[in-house]
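First up is the structure itself, then whatever we jot down about it.
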Amino acid sequence: MAEQIPLDIPEQPKLAQNITHFARALRKAGLPIGPGRVIDAIHAVEAAGFTEKRDFYWTLHACFVNKPEHREVFAQIFRLYWRDPRYLEQMMAAMLPAIRGVQEDREAQAAERRAAEALLDGVEREAPPQEEGESSEETEIEIDASRTMSGEERLRTLDFELMSTEEIAQAKRMLAQLSLPVKPIPSRRGMASLRGTRVDWRRTLRASMRQGGEIHDISRLKPRPRWPNLVVLCDISGSMSQYSRVILHFLHAVSNAKGAGWAKVHAFTFGTRLTNITRHLAQRDVDAALKSAGAEAQDWEGGTRIGSCLHEFNRDWSRRVMGQGAVVLLITDGLDRDASDQLSHEMQRLHLSARRLIWLNPLLRWEGFAPKAQGIAAMLPHVDSFRAGHSIASLQELAEVISRPDDVGEKARLMAALP
């Protein structure tokens, strides 16, 4: 047998202490980790051991992660805490993008800023060293901030995927106050009106019978307004996970808002399969509603099969929820694994069944976005409006134009770019 080289173990190892500090950072980032899990993690590492970083990663992952939405946060904090020798500089650069010389100016990755905030909690940022000959006296500088963007205004335009934990919580509170007002649809049924355009012969004749058969007044009708249904199809695949969670908070507020105008709000999630979460969003408590919806949908952060999921919706649910001139919100990035022919056919069926079909795509946040993917090119011709859905401002714009039949969003521009 080959002789193994003994590992150099320090005299005072601090692995248990480091695991405790790592668990504390995870807890500050939003993972529900208590002292029991920390003890279990230390015992698990002691029992399993590790010779590679991968083994150590998955041992801690098994102890600390029990929800799909926690995977990305765990991965970022593990990378910054255990793997990167310059993690403090990396986190400073993630928190303060104006710092140069540490890393290249780049976009923050998903959950990276939340991981940096959790690890830097309580760490004082040192002031830059002063050069020789530089006065230590404070210099008062007056800055005209009249035209600077406020924190709330910045949060309105910030991408959901780049928000910190505190910013996401604040964004959810702002979204809970939004609504999707919709105009009523005139129906064939009538209601009494002095200025109605139709004559109510039945009511007129009944009134004349009380007057001995003489007609003194002519009763009139106007169309009775009715409210359409709102049907939401939300993509919960891996590329859409952060956006879908925030948007589901918004949909919960819409479905529970009194006097919003919608007859009923039907919500479906899809990734590799279709899941109806309408009854879960009906719960008044948003946390309980989303927890039960997450337990119902088993394909969070998985793959995407838009074509097959739309086929299932058109086959099983379309006639049940689309019979009252429903408005459909399709929330997805359009990156599909299914064949484009099936996707195009199912999108056409969905479009014909809906009064209006509005597609919200977070990829529209990029200025150079073009419909190059096969899934996007197959879906785009069959929607009425194509809009961005990556920030609070984009959802506010949706609320303003959802009742406008002439609104097409970015569809006309992107249709011209199709091959």
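Ordering of the structure tokens sets the chain letters (A, B, ...), residue numbers begin anew at 1 in every chain, and ligands are numbered from 1 in the order given.
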Identify all residues of segment 175-354 of chain A in alpha helix (DSSP H) (DSSP on the backbone) and supply them as a PyMOL selection string.
-> chain A and resi 175+201-209+241-256+278-281+286-296+306-316+318-321+340-353
Do you know which residues are at most 10 Å from Leu248 of chain A counting only C-alpha atoms, after dropping those on the same chain fewer than 2 positions away, and could you put them as a PDB file with N, CA and C atoms, in the first residue's frame?
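Written file, result_33.pdb:
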ATOM      1  N   LYS A 172     -39.897  44.513  -1.165  1.00  0.00           N
ATOM      2  CA  LYS A 172     -41.137  43.763  -0.947  1.00  0.00           C
ATOM      3  C   LYS A 172     -42.185  44.631  -0.257  1.00  0.00           C
ATOM      4  N   LEU A 175     -43.531  46.895  -2.975  1.00  0.00           N
ATOM      5  CA  LEU A 175     -44.395  46.173  -3.906  1.00  0.00           C
ATOM      6  C   LEU A 175     -45.743  45.826  -3.286  1.00  0.00           C
ATOM      7  N   VAL A 232     -51.636  34.557 -14.210  1.00  0.00           N
ATOM      8  CA  VAL A 232     -50.194  34.783 -14.153  1.00  0.00           C
ATOM      9  C   VAL A 232     -49.485  33.454 -14.306  1.00  0.00           C
ATOM     10  N   CYS A 234     -45.721  32.201 -14.062  1.00  0.00           N
ATOM     11  CA  CYS A 234     -44.427  32.685 -13.573  1.00  0.00           C
ATOM     12  C   CYS A 234     -43.376  31.584 -13.669  1.00  0.00           C
ATOM     13  N   TYR A 243     -35.970  36.744  -9.451  1.00  0.00           N
ATOM     14  CA  TYR A 243     -37.049  37.597  -9.948  1.00  0.00           C
ATOM     15  C   TYR A 243     -38.410  37.026  -9.571  1.00  0.00           C
ATOM     16  N   SER A 244     -38.585  35.724  -9.713  1.00  0.00           N
ATOM     17  CA  SER A 244     -39.891  35.119  -9.456  1.00  0.00           C
ATOM     18  C   SER A 244     -40.285  35.262  -7.992  1.00  0.00           C
ATOM     19  N   ARG A 245     -39.342  35.181  -7.066  1.00  0.00           N
ATOM     20  CA  ARG A 245     -39.696  35.307  -5.652  1.00  0.00           C
ATOM     21  C   ARG A 245     -40.213  36.706  -5.334  1.00  0.00           C
ATOM     22  N   VAL A 246     -39.556  37.718  -5.874  1.00  0.00           N
ATOM     23  CA  VAL A 246     -40.005  39.090  -5.616  1.00  0.00           C
ATOM     24  C   VAL A 246     -41.336  39.346  -6.302  1.00  0.00           C
ATOM     25  N   PHE A 250     -45.365  40.511  -5.099  1.00  0.00           N
ATOM     26  CA  PHE A 250     -46.216  41.499  -5.756  1.00  0.00           C
ATOM     27  C   PHE A 250     -47.574  40.896  -6.121  1.00  0.00           C
ATOM     28  N   LEU A 251     -47.567  39.674  -6.639  1.00  0.00           N
ATOM     29  CA  LEU A 251     -48.820  39.018  -7.014  1.00  0.00           C
ATOM     30  C   LEU A 251     -49.682  38.709  -5.794  1.00  0.00           C
ATOM     31  N   HIS A 252     -49.052  38.402  -4.663  1.00  0.00           N
ATOM     32  CA  HIS A 252     -49.819  38.177  -3.441  1.00  0.00           C
ATOM     33  C   HIS A 252     -50.549  39.446  -3.035  1.00  0.00           C
ATOM     34  N   ALA A 253     -49.881  40.596  -3.159  1.00  0.00           N
ATOM     35  CA  ALA A 253     -50.540  41.862  -2.831  1.00  0.00           C
ATOM     36  C   ALA A 253     -51.684  42.148  -3.787  1.00  0.00           C
ATOM     37  N   VAL A 254     -51.502  41.833  -5.069  1.00  0.00           N
ATOM     38  CA  VAL A 254     -52.555  42.077  -6.055  1.00  0.00           C
ATOM     39  C   VAL A 254     -53.756  41.175  -5.800  1.00  0.00           C
ATOM     40  N   ALA A 267     -52.862  32.101 -10.355  1.00  0.00           N
ATOM     41  CA  ALA A 267     -51.404  32.099 -10.445  1.00  0.00           C
ATOM     42  C   ALA A 267     -50.894  30.685 -10.666  1.00  0.00           C
ATOM     43  N   THR A 269     -47.061  28.520 -11.486  1.00  0.00           N
ATOM     44  CA  THR A 269     -45.612  28.514 -11.636  1.00  0.00           C
ATOM     45  C   THR A 269     -45.220  27.368 -12.561  1.00  0.00           C
ATOM     46  N   LEU A 281     -51.866  31.649  -2.669  1.00  0.00           N
ATOM     47  CA  LEU A 281     -51.772  33.105  -2.622  1.00  0.00           C
ATOM     48  C   LEU A 281     -52.991  33.743  -1.981  1.00  0.00           C
ATOM     49  N   VAL A 286     -48.337  36.856   3.882  1.00  0.00           N
ATOM     50  CA  VAL A 286     -47.526  36.647   2.684  1.00  0.00           C
ATOM     51  C   VAL A 286     -46.482  35.566   2.910  1.00  0.00           C
ATOM     52  N   ALA A 289     -48.176  32.238   2.763  1.00  0.00           N
ATOM     53  CA  ALA A 289     -48.627  31.967   1.400  1.00  0.00           C
ATOM     54  C   ALA A 289     -47.482  31.486   0.526  1.00  0.00           C
ATOM     55  N   LEU A 290     -46.343  32.182   0.584  1.00  0.00           N
ATOM     56  CA  LEU A 290     -45.217  31.801  -0.267  1.00  0.00           C
ATOM     57  C   LEU A 290     -44.546  30.519   0.223  1.00  0.00           C
ATOM     58  N   ALA A 293     -46.760  27.843  -1.147  1.00  0.00           N
ATOM     59  CA  ALA A 293     -46.588  27.784  -2.602  1.00  0.00           C
ATOM     60  C   ALA A 293     -45.263  27.136  -2.968  1.00  0.00           C
TER      61      ALA A 293
END
Pick out each residue of segment 154-384 of chain A that DSSP on the backbone tags as strand (DSSP E); I need them as JSON, numbers by chain.
-> {"A": [185, 186, 187, 188, 189, 190, 191, 192, 198, 199, 220, 221, 222, 223, 224, 225, 226, 230, 231, 232, 233, 234, 235, 265, 266, 267, 268, 269, 270, 274, 275, 276, 327, 328, 329, 330, 331, 356, 357, 358, 359, 360, 361]}
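When only C-alpha atoms are used to compute distances to Ser391 of chain A, the closest of the residues A:Arg156, A:Lys264, A:Arg224, A:Arg273 turns out to be A:Arg156.
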Got a sec: who's within 12 Å of Leu205 of chain A, counting only C-alpha atoms, leaving out chain neighbours fewer than 5 positions off, as a VMD selection string?
-> chain A and resid 199 to 200 210 to 219
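If only C-alpha atoms are the atoms counted, then among A:Arg413, A:Arg27, A:Arg355, A:Arg320 the closest residue to Val73 of chain A is A:Arg27.
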Between atom CA of Gly36 of chain A and atom CA of Lys291 of chain A, measure the distance and give it in Å to one decimal.
-> 22.7 Å
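From atom CA of Arg226 of chain A back to atom CA of Arg195 of chain A, the distance works out to 19.2 Å.
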Å distance separating atom CA of Pro419 of chain A from atom CA of Arg305 of chain A, one decimal place = 23.6 Å
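Every protein or nucleic acid residue with an atom no more than 8 Å from Thr272 of chain A, counting only C-alpha atoms and leaving out same-chain residues fewer than 2 positions away, appears here: A:Ser237, A:Phe270, A:Leu274, A:Asp299, A:Gly302, A:Gly303, A:Thr304, A:Arg305, A:Ile306, A:Cys309.
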Identify, on the basis of only C-alpha atoms, every residue whose closest approach to Leu180 of chain A does not exceed 10 Å; exclude the query and any residue fewer than 6 positions from it along the same chain; express the result as a compact mmCIF listing (two decimals) with N, CA and C atoms, in the first residue's frame.
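Output file result_29.txt is given in full below:
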# COMPACT_ATOMS: atom_id res chain seq x y z
N LEU A 230 -57.31 37.79 -13.94
CA LEU A 230 -55.88 37.94 -14.16
C LEU A 230 -55.23 36.58 -14.01
N PHE A 250 -45.36 40.51 -5.10
CA PHE A 250 -46.22 41.50 -5.76
C PHE A 250 -47.57 40.90 -6.12
N LEU A 251 -47.57 39.67 -6.64
CA LEU A 251 -48.82 39.02 -7.01
C LEU A 251 -49.68 38.71 -5.79
N ALA A 253 -49.88 40.60 -3.16
CA ALA A 253 -50.54 41.86 -2.83
C ALA A 253 -51.68 42.15 -3.79
N VAL A 254 -51.50 41.83 -5.07
CA VAL A 254 -52.56 42.08 -6.06
C VAL A 254 -53.76 41.17 -5.80
N SER A 255 -53.51 39.91 -5.51
CA SER A 255 -54.61 38.97 -5.32
C SER A 255 -55.39 39.23 -4.04
N ALA A 257 -55.69 42.43 -2.65
CA ALA A 257 -56.12 43.83 -2.59
C ALA A 257 -57.61 43.93 -2.86
N ALA A 260 -59.43 46.03 -6.30
CA ALA A 260 -58.41 46.19 -7.35
C ALA A 260 -59.03 46.09 -8.74
N GLY A 261 -60.21 45.48 -8.86
CA GLY A 261 -60.88 45.42 -10.15
C GLY A 261 -60.91 44.06 -10.78
N TRP A 262 -60.01 43.16 -10.41
CA TRP A 262 -59.97 41.84 -11.02
C TRP A 262 -61.05 40.96 -10.42
N LEU A 395 -42.41 47.27 -12.85
CA LEU A 395 -43.74 46.83 -12.43
C LEU A 395 -44.69 48.01 -12.29
N GLN A 396 -44.18 49.17 -11.89
CA GLN A 396 -45.02 50.35 -11.84
C GLN A 396 -45.45 50.78 -13.24
N LEU A 398 -45.88 48.72 -15.69
CA LEU A 398 -46.89 47.73 -16.07
C LEU A 398 -48.26 48.13 -15.53
N ALA A 399 -48.31 48.61 -14.29
CA ALA A 399 -49.59 49.02 -13.71
C ALA A 399 -50.21 50.17 -14.48
N GLU A 400 -49.38 51.01 -15.07
CA GLU A 400 -49.90 52.17 -15.80
C GLU A 400 -50.44 51.80 -17.18
N VAL A 401 -49.91 50.76 -17.79
CA VAL A 401 -50.27 50.47 -19.19
C VAL A 401 -51.05 49.17 -19.35
N ILE A 402 -51.38 48.47 -18.26
CA ILE A 402 -52.01 47.16 -18.41
C ILE A 402 -53.40 47.26 -19.02
N SER A 403 -54.06 48.41 -18.87
CA SER A 403 -55.40 48.58 -19.43
C SER A 403 -55.39 49.29 -20.78
Using only C-alpha atoms, pick whichever of A:Phe50, A:Phe160, A:Phe56, A:Phe78 has the shortest atom-to-atom distance to Ala23 of chain A.
-> A:Phe78
Residue nearest Ile39 of chain A - candidates A:Ala25, A:Met322, A:Cys63, A:Ala417, atoms counted: only C-alpha atoms = A:Cys63
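Across A:Asp316, A:Pro381, A:Phe369, A:Leu335, the tightest approach to Gln348 of chain A is made by A:Pro381 when counting only C-alpha atoms.
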Which residue of A:Phe64, A:Tyr81, A:Phe386, A:Phe268 approaches Arg356 of chain A most closely, using only C-alpha atoms | A:Phe386
Close residues, Trp359 of chain A itself excluded, 6 Å, only C-alpha atoms, min 2 positions apart in chain, as an MDAnalysis selection string | chainID A and resid 329:331 386
Write the selection just made, keeping C-alpha atoms, as a short mmCIF file (atom, residue, chain, number, x, y, z; two decimals), in the first residue's frame?
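Just written: selection_20.cif:
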data_model
loop_
_atom_site.label_atom_id
_atom_site.label_comp_id
_atom_site.auth_asym_id
_atom_site.auth_seq_id
_atom_site.Cartn_x
_atom_site.Cartn_y
_atom_site.Cartn_z
CA LEU A 329 -49.06 37.87 -17.56
CA LEU A 330 -46.26 35.59 -18.75
CA ILE A 331 -43.13 36.08 -16.64
CA PHE A 386 -43.34 42.80 -24.42
#
